[in-house]
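Trainee: Take a look at the following structure, please.
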Amino acid sequence: MPASPNGEAAFDAEVTNAMGRAFEETCSALHIPFHDIGSRQAVASRIIDLARAGVTDAGTLRDRVVIESHSKI
């Protein structure tokens, strides 16, 4: 993962695309409405954290976040 101009890790187009798909699929699976900004931000943050740790498959990202959210209920 290359560094961006601000020194943080940057994701390539393929990983960014996978993260976007995972985000939409996770929000759908968890029935998070568009207007629930806090929950959507939490999902996005977790997906970013997982991707930084090397999880870059859309399905795996989705499944991990969904499973983690169910374990918190």
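Chain labels A, B, ... are given in the sequence in which chains occur in the structure tokens; within each chain residues are numbered consecutively from 1, and ligands are likewise numbered from 1 in the order shown.
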Got a sec: who's within 7 Å of range 17-20 of chain A, counting only C-alpha atoms, leaving out chain neighbours fewer than 2 positions off, as a tab-separated table (two decimals) with C-alpha atoms, in the first residue's frame?
Mentor:
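Once written, part35.tsv looks like this:
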chain	number	residue	atom	x	y	z
A	13	ALA	CA	-8.25	1.46	-7.23
A	14	GLU	CA	-9.05	-2.25	-6.86
A	15	VAL	CA	-9.00	-2.12	-3.06
A	22	ALA	CA	-18.26	-3.87	1.12
A	23	PHE	CA	-19.60	-0.63	2.60
A	24	GLU	CA	-22.80	-0.70	0.54
A	47	ILE	CA	-13.82	-1.27	6.79
A	56	THR	CA	-9.07	-6.33	0.94
A	57	ASP	CA	-11.72	-8.74	-0.35
A	58	ALA	CA	-15.18	-7.11	-0.48
Trainee: Give me the residues within 7 Å of Arg40 in chain A as a PDB file with C-alpha atoms, in the first residue's frame, counting only C-alpha atoms and dropping any in the same chain fewer than 4 places off.
Mentor:
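part.pdb written:
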ATOM      1  CA  CYS A  27     -25.115  -1.190   5.255  1.00  0.00           C
ATOM      2  CA  ASP A  36     -28.106   7.161   9.804  1.00  0.00           C
ATOM      3  CA  ALA A  44     -16.780   2.921   6.984  1.00  0.00           C
TER       4      ALA A  44
END
Trainee: Grab the CA of Ala29 in chain A to CA of Val66 in chain A distance for me, in Å with one decimal place.
Mentor: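 Result for CA of Ala29 in chain A versus CA of Val66 in chain A: 7.4 Å, one decimal.
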Trainee: Find the spatial neighbours of Asp49 in chain A, counting only C-alpha atoms, within a cut-off of 12 Å - ignore same-chain residues fewer than 6 positions away - and output them as JSON, numbers by chain.
Mentor: {"A": [9, 11, 19, 42, 43, 55, 56, 61, 64, 65]}
Trainee: I'd like to know which of A:Arg62, A:Ser39, A:Ala53, A:Asp12 is closest to Glu25 in chain A, using only C-alpha atoms.
Mentor: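 So, comparing all the options, the nearest one is A:Arg62.
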Trainee: Interatomic distance between CA of Ser69 in chain A and CA of Leu30 in chain A?
Mentor: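 Distance reported for this atom pair: 8.4 Å.
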Trainee: Can you tell me how far CA of Thr26 in chain A sits from CA of Lys72 in chain A, in Å to one decimal?
Mentor: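 CA of Lys72 in chain A lies at a distance of 15.3 Å from CA of Thr26 in chain A.
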